[in-house]
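The structure under discussion appears below in the form of structure tokens.
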2 protein chains.
Amino acid sequence: MDFHDVPRLPRGFRCAGRHCGLKATDLDLAVFVSDVPARAAALFTLNHFPGAPVVVGRERIRTGILQALVVNAKVSNVATGAEGVEDARLMGRIAAQELGLQEELVLMSSTGVIGRRLPMDKIRSGLQGISKELAADPWPAARGIMTTDTEPKVLSIGVGEATLTAVGKGAGMIAPNLATMLVFLFTDAELEAGTLQARLVRAASGSFQCLSVDTDTSTSDSVVLMANGLAGSVALDPFQEALDAMCRRMAEWIARDGEGATKLIRVLVEGAASDEEARRVSRSVVDSPLVKTMAFGADPNVGRVLMAVGKCFDCRIVPERVSAHIQGVEVIRGGVRAPFEDSDVRALLQRDLIEIRISLGVGDGRGLALGCDLTEGYIRENAAYASS
Amino acid sequence: MDFHDVPRLPRGFRCAGRHCGLKATDLDLAVFVSDVPARAAALFTLNHFPGAPVVVGRERIRTGILQALVVNAKVSNVATGAEGVEDARLMGRIAAQELGLQEELVLMSSTGVIGRRLPMDKIRSGLQGISKELAADPWPAARGIMTTDTEPKVLSIGVGEATLTAVGKGAGMIAPNLATMLVFLFTDAELEAGTLQARLVRAASGSFQCLSVDTDTSTSDSVVLMANGLAGSVALDPFQEALDAMCRRMAEWIARDGEGATKLIRVLVEGAASDEEARRVSRSVVDSPLVKTMAFGADPNVGRVLMAVGKCFDCRIVPERVSAHIQGVEVIRGGVRAPFEDSDVRALLQRDLIEIRISLGVGDGRGLALGCDLTEGYIRENAAYASS
């Protein structure tokens with residue numbers, strides 16, 4: 001898969017990013033719009049306390065048609081009750097008026113602190129005149145949706161005559177169901193809305209659903225895919241392939257840029273009793289604070305991997321069949337430490353990609369988990385987030 | 001419950017701690033012995049990869065009789081295969097010879113790095129002559145079992161004519177099933193071995209089973225209770241009460257002294273659909289890295305509590321019935337932020353005990369979880385543990 005060196009929006013999509021005063025100085029507001037109504041699909045958090053924009057978003061996505069997204073950072077509009085839902089609707093209405101669109105074609109998204117009302121005056125003045133700034137450059141909008149990310153995230157790729165582009169943000173409060181903060185996907189390919197949803201579910205299952213920065217599932221997680229059809233129809237298989245690769249790449253980028261993270265951790269479990277058990281074991285390993293700090297410290301304390309496998313109480317684990325590789329080096333064989341040199345593994349753990357492969361030897365189940373190391377940076381960012 | 005100001009061993013128990021060269025300079029070896037064979041009960045980790053001493057310990061506890069414990073720190077003798085089991089047996093045999101006891105009456109326990117063989121020469125020379133140092137002072141032995149604890153942990157309490165004493169260590173890799181590193185309980189009360197096991201299970205269910213420092217379940221967790229009967233029989237109810245209080249106090253001490261921890265976090269969930277669901281929700285909150293860093297930073301980011309409740313996907317959560325108190329202040333009412341002053345909660349979060357009470361309003365289920373905050377200290381201790 002060849003991602004573009006300079007990512008761009010697909011034809012017929014434009015966007016803008018602005019500073020409206022939610023953050024001290026950085027961009028904190030973004031609008032994405034298609035020239036024509038687009039088929040749309042979306043996945044939202046399964047947290048029992050979804051944010052107000054998620055509540056409204058679930059209604060709006062039912063038609064399978066969207067034309068614009070309006071997103072703010074810093075305040076997530078979660079745990080704000082009926083007023084919060086009204087705020088979310090109002091934010092969409094203001095954007096729709098500014099863009100000259102029907103209100104129902106606008107999806108809202110908010111990310112940031114939970115339990116605060118959206119300052120609607122700032123949102124309103126921030127959106128005023130933004131339609132004049134709409135452009136093909138994705139970066140200002142990508143900056144506008146960031147919270148604790150260290151960099152904006154945009155990827156694009158060609159699929160036949162069409163382009164597929166993702167704009168994402170992540171950083172913290174990220175675990176499966178759904179695992180990501182916000183990822184918006186745009187394509188000018190022509191696709192049915194029904195097809196779109198199934199394709200998005202499939203792509204997410206091998207990417208965002210495998211992603212865990214800190215085991216905490218956000219109340220705002222949303223993945224939205226819009227297809228405006230301006231490039232005509234594309235073959236479905238290459239499109240799915242591009243979508244899978246795009247979601248995987250974005251998920252890995254989000255993990256790598258997890259709060260305080262310095263390394264991406266990829267855990268592949270094979271030979272489990274089922275795919276479900278393989279996923280549970282892979283998550284147990286990627287989520288283990290002791291495995292995460294081992295990765296950070298490049299310390300070949302490989303027993304922690306065994307511990308994390310062993311604490312999957314409900315999974316079929318036969319100790320003497322378990323083997324594990326770290327960075328390609330066999331560290332566990334038959335449930336006990338394999339003969340390897342600590343110094344070899346220590347050197348390989350210096351890399352910024354940590355690959356852990358575990359074989360359980362009891363079946364055909366496979367599962368992947370993506371995560372990151374745990375560092376002092378995570379603590380610093382999260383010990384004073386509300387007030388910063 | 002009145003714990004003794006100066007904790008002591010019950011009559012007929014003596015112990016000793018030594019430095020045998022596993023740690024650089026600190027004590028790293030301990031022996032506990034009863035003058036007469038004692039009724040004994042034990043709980044061990046449910047991790048699929050139990051350490052060799054746990055494997056042997058499970059056999060030995062079947063008789064319900066023990067007379068001595070021999071414990072080392074720094075090397076846990078886990079993932080060491082059949083040789084590791086032989087090492088554990090040999091360690092018990094050396095101790096038995098030194099103490100003049102039958103081998104089967106000695107229980108071994110090891111804590112520390114996983115995947116390394118026990119240096120048996122050091123253990124052997126460390127145990128030589130230790131019987132001459134046995135004394136009623138519990139502190140050297142309590143020091144000898146420490147790994148990353150910042151202080152030795154001994155508690156004692158009177159039960160009628162008898163005494164109940166606990167010597168524990170904790171710090172990291174601590175989560176339920178079983179949650180603690182090592183806790184050894186001694187009493188001179190006369191109790192049946194069968195009774196003992198049931199009483200220990202009950203006391204653990206309200207203490208060690210509620211304890212999670214970092215969600216990682218150790219491969220060495222063991223709780224052992226020995227009753228030598230030298231003080232005669234005691235009433236069972238006061239004994240259980242003392243045992244419950246003792247285990248709870250020790251669990252809270254272990255949480256408070258969790259790796260890098262500065263605060264104890266106590267989460268009580270009420271009104272859940274079942275006790276099991278209440279426990280799951282309370283653990284989700286106490287384990288959430290974002291709740292833990294909120295506690296560390298004394299930052300009233302109370303939406304994180306809601307997030308952690310909301311990510312219990314399989315539990316019955318009706319958002320509008322959920323309320324939450326932090327340090328006695330209502331922060332969530334009916335699933336949304338309650339009216340409270342951030343500055344009030346911020347001030348209360350400075351305390352070293354954080355109490356979070358959550359009511360789900362859907363049933364009678366209750367559950368407790370004990371944990372600690374997450375700080376840079378945890379990262380520092382765990383990023384280079386194997387090599388330090």
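A note on labels: chains of the structure tokens are A, B, ... as shown, every chain counts residues from 1, and ligands are counted from 1 in their shown order.
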
Shell of 10 Å around segment 80-87 of chain A, only C-alpha atoms, local chain residues under 4 positions omitted, as a count of residues only: 24

Could you list, as a PDB file with N, CA, C and O atoms, in the first residue's frame, every residue of chain B that has an atom within 8 Å of an atom of chain A, counting only C-alpha atoms?
ATOM      1  N   LEU B  46      -4.017 -17.442  41.184  1.00  0.00           N
ATOM      2  CA  LEU B  46      -4.708 -18.201  40.143  1.00  0.00           C
ATOM      3  C   LEU B  46      -4.023 -18.033  38.791  1.00  0.00           C
ATOM      4  O   LEU B  46      -4.505 -18.527  37.778  1.00  0.00           O
ATOM      5  N   ASN B  47      -2.909 -17.308  38.762  1.00  0.00           N
ATOM      6  CA  ASN B  47      -2.176 -17.166  37.500  1.00  0.00           C
ATOM      7  C   ASN B  47      -1.868 -18.554  36.922  1.00  0.00           C
ATOM      8  O   ASN B  47      -1.539 -19.478  37.665  1.00  0.00           O
ATOM      9  N   HIS B  48      -1.988 -18.685  35.596  1.00  0.00           N
ATOM     10  CA  HIS B  48      -1.730 -19.973  34.940  1.00  0.00           C
ATOM     11  C   HIS B  48      -0.267 -20.400  35.053  1.00  0.00           C
ATOM     12  O   HIS B  48       0.056 -21.548  34.755  1.00  0.00           O
ATOM     13  N   PHE B  49       0.617 -19.485  35.413  1.00  0.00           N
ATOM     14  CA  PHE B  49       2.037 -19.809  35.543  1.00  0.00           C
ATOM     15  C   PHE B  49       2.495 -19.599  36.981  1.00  0.00           C
ATOM     16  O   PHE B  49       3.275 -18.694  37.258  1.00  0.00           O
ATOM     17  N   VAL B  78      10.020 -18.539  39.162  1.00  0.00           N
ATOM     18  CA  VAL B  78       8.845 -18.732  38.311  1.00  0.00           C
ATOM     19  C   VAL B  78       9.355 -18.947  36.883  1.00  0.00           C
ATOM     20  O   VAL B  78      10.360 -18.349  36.500  1.00  0.00           O
ATOM     21  N   ALA B  79       8.656 -19.783  36.117  1.00  0.00           N
ATOM     22  CA  ALA B  79       9.039 -20.067  34.727  1.00  0.00           C
ATOM     23  C   ALA B  79      10.413 -20.713  34.684  1.00  0.00           C
ATOM     24  O   ALA B  79      11.225 -20.444  33.803  1.00  0.00           O
ATOM     25  N   THR B  80      10.673 -21.557  35.652  1.00  0.00           N
ATOM     26  CA  THR B  80      11.973 -22.214  35.748  1.00  0.00           C
ATOM     27  C   THR B  80      11.836 -23.730  35.576  1.00  0.00           C
ATOM     28  O   THR B  80      12.820 -24.461  35.761  1.00  0.00           O
ATOM     29  N   GLY B  81      10.614 -24.185  35.260  1.00  0.00           N
ATOM     30  CA  GLY B  81      10.417 -25.587  34.915  1.00  0.00           C
ATOM     31  C   GLY B  81      10.659 -26.562  36.051  1.00  0.00           C
ATOM     32  O   GLY B  81      10.580 -26.211  37.235  1.00  0.00           O
ATOM     33  N   VAL B 113      12.146 -11.377  40.554  1.00  0.00           N
ATOM     34  CA  VAL B 113      12.164 -11.462  39.090  1.00  0.00           C
ATOM     35  C   VAL B 113      11.730 -12.850  38.630  1.00  0.00           C
ATOM     36  O   VAL B 113      12.086 -13.860  39.245  1.00  0.00           O
ATOM     37  N   ILE B 114      10.956 -12.886  37.544  1.00  0.00           N
ATOM     38  CA  ILE B 114      10.476 -14.125  36.941  1.00  0.00           C
ATOM     39  C   ILE B 114      11.513 -14.632  35.941  1.00  0.00           C
ATOM     40  O   ILE B 114      12.155 -13.846  35.254  1.00  0.00           O
ATOM     41  N   GLY B 115      11.654 -15.954  35.857  1.00  0.00           N
ATOM     42  CA  GLY B 115      12.474 -16.526  34.785  1.00  0.00           C
ATOM     43  C   GLY B 115      13.940 -16.702  35.136  1.00  0.00           C
ATOM     44  O   GLY B 115      14.762 -16.893  34.249  1.00  0.00           O
ATOM     45  N   ARG B 116      14.279 -16.605  36.415  1.00  0.00           N
ATOM     46  CA  ARG B 116      15.664 -16.862  36.825  1.00  0.00           C
ATOM     47  C   ARG B 116      15.692 -17.999  37.817  1.00  0.00           C
ATOM     48  O   ARG B 116      14.821 -18.096  38.679  1.00  0.00           O
ATOM     49  N   MET B 173       2.647  -5.755  40.699  1.00  0.00           N
ATOM     50  CA  MET B 173       2.096  -6.979  40.126  1.00  0.00           C
ATOM     51  C   MET B 173       1.016  -7.525  41.055  1.00  0.00           C
ATOM     52  O   MET B 173       1.043  -8.682  41.472  1.00  0.00           O
ATOM     53  N   ASP B 214      -1.947  -2.602  40.146  1.00  0.00           N
ATOM     54  CA  ASP B 214      -1.635  -2.326  38.745  1.00  0.00           C
ATOM     55  C   ASP B 214      -2.291  -3.311  37.780  1.00  0.00           C
ATOM     56  O   ASP B 214      -1.859  -3.424  36.637  1.00  0.00           O
ATOM     57  N   THR B 215      -3.314  -4.024  38.206  1.00  0.00           N
ATOM     58  CA  THR B 215      -4.086  -4.972  37.382  1.00  0.00           C
ATOM     59  C   THR B 215      -3.297  -6.223  37.021  1.00  0.00           C
ATOM     60  O   THR B 215      -3.841  -7.119  36.396  1.00  0.00           O
ATOM     61  N   ASP B 216      -2.032  -6.292  37.402  1.00  0.00           N
ATOM     62  CA  ASP B 216      -1.216  -7.442  37.033  1.00  0.00           C
ATOM     63  C   ASP B 216      -1.182  -8.453  38.172  1.00  0.00           C
ATOM     64  O   ASP B 216      -0.808  -8.125  39.292  1.00  0.00           O
ATOM     65  N   THR B 217      -1.619  -9.693  37.876  1.00  0.00           N
ATOM     66  CA  THR B 217      -1.682 -10.721  38.904  1.00  0.00           C
ATOM     67  C   THR B 217      -0.373 -11.493  38.963  1.00  0.00           C
ATOM     68  O   THR B 217      -0.004 -12.162  38.006  1.00  0.00           O
ATOM     69  N   SER B 218       0.285 -11.413  40.079  1.00  0.00           N
ATOM     70  CA  SER B 218       1.584 -12.057  40.244  1.00  0.00           C
ATOM     71  C   SER B 218       1.484 -13.559  40.149  1.00  0.00           C
ATOM     72  O   SER B 218       0.443 -14.169  40.389  1.00  0.00           O
ATOM     73  N   THR B 219       2.595 -14.169  39.812  1.00  0.00           N
ATOM     74  CA  THR B 219       2.702 -15.618  39.730  1.00  0.00           C
ATOM     75  C   THR B 219       3.120 -16.223  41.063  1.00  0.00           C
ATOM     76  O   THR B 219       3.297 -17.428  41.169  1.00  0.00           O
ATOM     77  N   SER B 288      -8.548   2.229  36.647  1.00  0.00           N
ATOM     78  CA  SER B 288      -8.440   3.168  35.531  1.00  0.00           C
ATOM     79  C   SER B 288      -7.207   4.054  35.693  1.00  0.00           C
ATOM     80  O   SER B 288      -7.077   4.789  36.671  1.00  0.00           O
ATOM     81  N   PRO B 289      -6.292   4.026  34.731  1.00  0.00           N
ATOM     82  CA  PRO B 289      -5.114   4.887  34.826  1.00  0.00           C
ATOM     83  C   PRO B 289      -5.490   6.363  34.936  1.00  0.00           C
ATOM     84  O   PRO B 289      -4.787   7.136  35.574  1.00  0.00           O
ATOM     85  N   LEU B 290      -6.613   6.722  34.322  1.00  0.00           N
ATOM     86  CA  LEU B 290      -6.998   8.132  34.349  1.00  0.00           C
ATOM     87  C   LEU B 290      -7.585   8.523  35.701  1.00  0.00           C
ATOM     88  O   LEU B 290      -7.424   9.658  36.146  1.00  0.00           O
ATOM     89  N   THR B 293      -4.382   8.691  37.962  1.00  0.00           N
ATOM     90  CA  THR B 293      -3.584   9.907  37.801  1.00  0.00           C
ATOM     91  C   THR B 293      -4.358  11.137  38.296  1.00  0.00           C
ATOM     92  O   THR B 293      -3.760  12.089  38.776  1.00  0.00           O
ATOM     93  N   MET B 294      -5.686  11.087  38.202  1.00  0.00           N
ATOM     94  CA  MET B 294      -6.507  12.151  38.782  1.00  0.00           C
ATOM     95  C   MET B 294      -6.264  12.232  40.286  1.00  0.00           C
ATOM     96  O   MET B 294      -6.086  13.309  40.853  1.00  0.00           O
ATOM     97  N   ALA B 295      -6.219  11.070  40.936  1.00  0.00           N
ATOM     98  CA  ALA B 295      -5.973  11.039  42.382  1.00  0.00           C
ATOM     99  C   ALA B 295      -4.585  11.581  42.687  1.00  0.00           C
ATOM    100  O   ALA B 295      -4.399  12.385  43.598  1.00  0.00           O
ATOM    101  N   PHE B 296      -3.608  11.156  41.899  1.00  0.00           N
ATOM    102  CA  PHE B 296      -2.233  11.618  42.114  1.00  0.00           C
ATOM    103  C   PHE B 296      -2.167  13.137  41.978  1.00  0.00           C
ATOM    104  O   PHE B 296      -1.592  13.835  42.816  1.00  0.00           O
ATOM    105  N   GLY B 297      -2.766  13.665  40.921  1.00  0.00           N
ATOM    106  CA  GLY B 297      -2.685  15.089  40.650  1.00  0.00           C
ATOM    107  C   GLY B 297      -3.678  15.927  41.441  1.00  0.00           C
ATOM    108  O   GLY B 297      -3.687  17.144  41.319  1.00  0.00           O
ATOM    109  N   ALA B 298      -4.534  15.275  42.257  1.00  0.00           N
ATOM    110  CA  ALA B 298      -5.572  15.986  43.022  1.00  0.00           C
ATOM    111  C   ALA B 298      -6.365  16.897  42.097  1.00  0.00           C
ATOM    112  O   ALA B 298      -6.683  18.034  42.428  1.00  0.00           O
ATOM    113  N   ASP B 299      -6.673  16.377  40.929  1.00  0.00           N
ATOM    114  CA  ASP B 299      -7.322  17.154  39.888  1.00  0.00           C
ATOM    115  C   ASP B 299      -8.779  16.700  39.802  1.00  0.00           C
ATOM    116  O   ASP B 299      -9.032  15.524  39.554  1.00  0.00           O
ATOM    117  N   PRO B 300      -9.729  17.573  40.019  1.00  0.00           N
ATOM    118  CA  PRO B 300     -11.131  17.129  40.107  1.00  0.00           C
ATOM    119  C   PRO B 300     -11.753  16.831  38.753  1.00  0.00           C
ATOM    120  O   PRO B 300     -12.783  17.383  38.389  1.00  0.00           O
ATOM    121  N   ASN B 301     -11.099  15.948  37.996  1.00  0.00           N
ATOM    122  CA  ASN B 301     -11.557  15.588  36.665  1.00  0.00           C
ATOM    123  C   ASN B 301     -12.531  14.421  36.819  1.00  0.00           C
ATOM    124  O   ASN B 301     -12.253  13.285  36.424  1.00  0.00           O
ATOM    125  N   VAL B 302     -13.684  14.715  37.418  1.00  0.00           N
ATOM    126  CA  VAL B 302     -14.576  13.662  37.886  1.00  0.00           C
ATOM    127  C   VAL B 302     -15.246  12.892  36.754  1.00  0.00           C
ATOM    128  O   VAL B 302     -15.764  11.801  36.953  1.00  0.00           O
ATOM    129  N   GLY B 303     -15.228  13.440  35.538  1.00  0.00           N
ATOM    130  CA  GLY B 303     -15.787  12.726  34.398  1.00  0.00           C
ATOM    131  C   GLY B 303     -15.089  11.397  34.176  1.00  0.00           C
ATOM    132  O   GLY B 303     -15.664  10.467  33.611  1.00  0.00           O
ATOM    133  N   ARG B 304     -13.848  11.296  34.647  1.00  0.00           N
ATOM    134  CA  ARG B 304     -13.122  10.043  34.474  1.00  0.00           C
ATOM    135  C   ARG B 304     -13.742   8.914  35.285  1.00  0.00           C
ATOM    136  O   ARG B 304     -13.649   7.744  34.896  1.00  0.00           O
ATOM    137  N   LEU B 306     -16.942   8.621  35.768  1.00  0.00           N
ATOM    138  CA  LEU B 306     -18.093   8.252  34.937  1.00  0.00           C
ATOM    139  C   LEU B 306     -17.642   7.380  33.766  1.00  0.00           C
ATOM    140  O   LEU B 306     -18.256   6.355  33.445  1.00  0.00           O
ATOM    141  N   MET B 307     -16.559   7.783  33.127  1.00  0.00           N
ATOM    142  CA  MET B 307     -15.991   6.998  32.021  1.00  0.00           C
ATOM    143  C   MET B 307     -15.689   5.578  32.475  1.00  0.00           C
ATOM    144  O   MET B 307     -16.015   4.605  31.794  1.00  0.00           O
ATOM    145  N   ALA B 308     -15.087   5.448  33.656  1.00  0.00           N
ATOM    146  CA  ALA B 308     -14.662   4.130  34.131  1.00  0.00           C
ATOM    147  C   ALA B 308     -15.866   3.259  34.503  1.00  0.00           C
ATOM    148  O   ALA B 308     -15.832   2.040  34.353  1.00  0.00           O
ATOM    149  N   VAL B 309     -16.937   3.877  34.973  1.00  0.00           N
ATOM    150  CA  VAL B 309     -18.180   3.129  35.208  1.00  0.00           C
ATOM    151  C   VAL B 309     -18.763   2.726  33.855  1.00  0.00           C
ATOM    152  O   VAL B 309     -19.153   1.570  33.642  1.00  0.00           O
ATOM    153  N   GLY B 310     -18.749   3.662  32.936  1.00  0.00           N
ATOM    154  CA  GLY B 310     -19.394   3.450  31.637  1.00  0.00           C
ATOM    155  C   GLY B 310     -18.717   2.422  30.770  1.00  0.00           C
ATOM    156  O   GLY B 310     -19.318   1.878  29.848  1.00  0.00           O
ATOM    157  N   LYS B 311     -17.441   2.124  31.054  1.00  0.00           N
ATOM    158  CA  LYS B 311     -16.761   1.130  30.213  1.00  0.00           C
ATOM    159  C   LYS B 311     -16.976  -0.301  30.710  1.00  0.00           C
ATOM    160  O   LYS B 311     -16.389  -1.230  30.159  1.00  0.00           O
ATOM    161  N   CYS B 312     -17.831  -0.471  31.719  1.00  0.00           N
ATOM    162  CA  CYS B 312     -18.198  -1.829  32.163  1.00  0.00           C
ATOM    163  C   CYS B 312     -19.337  -2.306  31.266  1.00  0.00           C
ATOM    164  O   CYS B 312     -20.515  -2.275  31.649  1.00  0.00           O
ATOM    165  N   PHE B 313     -18.953  -2.733  30.067  1.00  0.00           N
ATOM    166  CA  PHE B 313     -19.953  -2.975  29.019  1.00  0.00           C
ATOM    167  C   PHE B 313     -20.977  -4.020  29.405  1.00  0.00           C
ATOM    168  O   PHE B 313     -22.127  -3.949  29.021  1.00  0.00           O
ATOM    169  N   ILE B 317     -26.004  -0.769  33.654  1.00  0.00           N
ATOM    170  CA  ILE B 317     -25.776   0.636  34.002  1.00  0.00           C
ATOM    171  C   ILE B 317     -26.912   1.435  33.371  1.00  0.00           C
ATOM    172  O   ILE B 317     -27.097   1.388  32.156  1.00  0.00           O
ATOM    173  N   VAL B 318     -27.683   2.123  34.186  1.00  0.00           N
ATOM    174  CA  VAL B 318     -28.714   3.015  33.661  1.00  0.00           C
ATOM    175  C   VAL B 318     -28.222   4.431  33.955  1.00  0.00           C
ATOM    176  O   VAL B 318     -28.287   4.890  35.107  1.00  0.00           O
ATOM    177  N   PRO B 319     -27.686   5.107  32.929  1.00  0.00           N
ATOM    178  CA  PRO B 319     -26.975   6.363  33.175  1.00  0.00           C
ATOM    179  C   PRO B 319     -27.709   7.327  34.109  1.00  0.00           C
ATOM    180  O   PRO B 319     -27.106   7.864  35.042  1.00  0.00           O
ATOM    181  N   GLY B 335     -26.350  10.701  36.448  1.00  0.00           N
ATOM    182  CA  GLY B 335     -25.532  10.464  35.262  1.00  0.00           C
ATOM    183  C   GLY B 335     -24.864  11.685  34.675  1.00  0.00           C
ATOM    184  O   GLY B 335     -24.161  11.593  33.678  1.00  0.00           O
ATOM    185  N   VAL B 336     -25.107  12.838  35.295  1.00  0.00           N
ATOM    186  CA  VAL B 336     -24.444  14.051  34.796  1.00  0.00           C
ATOM    187  C   VAL B 336     -23.705  14.742  35.942  1.00  0.00           C
ATOM    188  O   VAL B 336     -23.898  14.411  37.112  1.00  0.00           O
ATOM    189  N   ARG B 337     -22.871  15.682  35.589  1.00  0.00           N
ATOM    190  CA  ARG B 337     -22.089  16.384  36.591  1.00  0.00           C
ATOM    191  C   ARG B 337     -23.015  17.077  37.581  1.00  0.00           C
ATOM    192  O   ARG B 337     -23.932  17.802  37.189  1.00  0.00           O
ATOM    193  N   LEU B 374      -1.364   6.438  40.525  1.00  0.00           N
ATOM    194  CA  LEU B 374      -0.321   6.065  39.560  1.00  0.00           C
ATOM    195  C   LEU B 374       0.578   7.278  39.384  1.00  0.00           C
ATOM    196  O   LEU B 374       0.107   8.359  39.035  1.00  0.00           O
ATOM    197  N   THR B 375       1.847   7.076  39.646  1.00  0.00           N
ATOM    198  CA  THR B 375       2.777   8.203  39.658  1.00  0.00           C
ATOM    199  C   THR B 375       4.021   7.891  38.836  1.00  0.00           C
ATOM    200  O   THR B 375       4.233   6.754  38.421  1.00  0.00           O
ATOM    201  N   GLU B 376       4.849   8.900  38.660  1.00  0.00           N
ATOM    202  CA  GLU B 376       6.124   8.688  37.964  1.00  0.00           C
ATOM    203  C   GLU B 376       6.943   7.614  38.676  1.00  0.00           C
ATOM    204  O   GLU B 376       7.736   6.916  38.056  1.00  0.00           O
ATOM    205  N   ILE B 379       6.590   4.172  37.206  1.00  0.00           N
ATOM    206  CA  ILE B 379       7.329   4.035  35.943  1.00  0.00           C
ATOM    207  C   ILE B 379       8.813   3.821  36.250  1.00  0.00           C
ATOM    208  O   ILE B 379       9.441   2.913  35.711  1.00  0.00           O
ATOM    209  N   ARG B 380       9.344   4.676  37.118  1.00  0.00           N
ATOM    210  CA  ARG B 380      10.773   4.576  37.424  1.00  0.00           C
ATOM    211  C   ARG B 380      11.103   3.200  37.980  1.00  0.00           C
ATOM    212  O   ARG B 380      12.082   2.587  37.592  1.00  0.00           O
ATOM    213  N   ASN B 382       9.597   0.393  37.528  1.00  0.00           N
ATOM    214  CA  ASN B 382       9.335  -0.754  36.673  1.00  0.00           C
ATOM    215  C   ASN B 382       9.990  -0.716  35.303  1.00  0.00           C
ATOM    216  O   ASN B 382       9.974  -1.703  34.584  1.00  0.00           O
ATOM    217  N   ALA B 383      10.565   0.412  34.955  1.00  0.00           N
ATOM    218  CA  ALA B 383      11.202   0.484  33.636  1.00  0.00           C
ATOM    219  C   ALA B 383      12.557  -0.220  33.657  1.00  0.00           C
ATOM    220  O   ALA B 383      13.115  -0.530  32.628  1.00  0.00           O
ATOM    221  N   ALA B 384      13.085  -0.495  34.818  1.00  0.00           N
ATOM    222  CA  ALA B 384      14.401  -1.164  34.872  1.00  0.00           C
ATOM    223  C   ALA B 384      14.501  -2.037  36.102  1.00  0.00           C
ATOM    224  O   ALA B 384      15.437  -1.973  36.863  1.00  0.00           O
ATOM    225  N   TYR B 385      13.480  -2.903  36.245  1.00  0.00           N
ATOM    226  CA  TYR B 385      13.435  -3.710  37.468  1.00  0.00           C
ATOM    227  C   TYR B 385      14.354  -4.924  37.392  1.00  0.00           C
ATOM    228  O   TYR B 385      15.099  -5.226  38.319  1.00  0.00           O
ATOM    229  N   ALA B 386      14.314  -5.624  36.245  1.00  0.00           N
ATOM    230  CA  ALA B 386      15.083  -6.879  36.149  1.00  0.00           C
ATOM    231  C   ALA B 386      16.559  -6.619  36.376  1.00  0.00           C
ATOM    232  O   ALA B 386      17.252  -7.393  37.033  1.00  0.00           O
ATOM    233  N   SER B 387      17.016  -5.515  35.824  1.00  0.00           N
ATOM    234  CA  SER B 387      18.450  -5.265  35.862  1.00  0.00           C
ATOM    235  C   SER B 387      18.888  -4.554  37.119  1.00  0.00           C
ATOM    236  O   SER B 387      20.070  -4.473  37.405  1.00  0.00           O
TER     237      SER B 387
END

Neighbour list for Gly232 of chain A as a PyMOL selection string, cut-off 7 Å, only C-alpha atoms, skip fewer than 2 positions in-chain: chain A and resi 189-190+229-230+234

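Atom CA of Phe340 of chain B is found 17.7 Å from atom CA of Ser359 of chain B.
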
Using only C-alpha atoms: which of A:Ala41, A:Ile61, A:Ile326, A:Ala193 has the shortest distance to Leu105 of chain A: A:Ile61

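Comparing the minimum interatomic distances between Ala16 of chain A and each of A:Arg89, A:Arg58, A:Arg124, A:Lys132, counting only C-alpha atoms, we find that A:Lys132 sits nearest.
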
Between atom CA of Leu29 of chain B and atom CA of Ser110 of chain B - distance in Å to one decimal: 9.3 Å

Shell around Gly21 of chain B at 10 Å using only C-alpha atoms, local window under 5 positions removed, as a list in words: Asp26, Leu27, Asp28, Leu29, Lys74, Pro119, Asp121, Lys122, Ile123, Ser125 and Gly126 of chain B

Neighbour list for Ser131 of chain A as JSON, numbers by chain, cut-off 12 Å, only C-alpha atoms, skip fewer than 3 positions in-chain: {"A": [14, 15, 16, 17, 18, 30, 31, 32, 33, 34, 35, 68, 70, 94, 95, 96, 97, 98, 99, 100, 101, 126, 127, 128, 134, 135]}
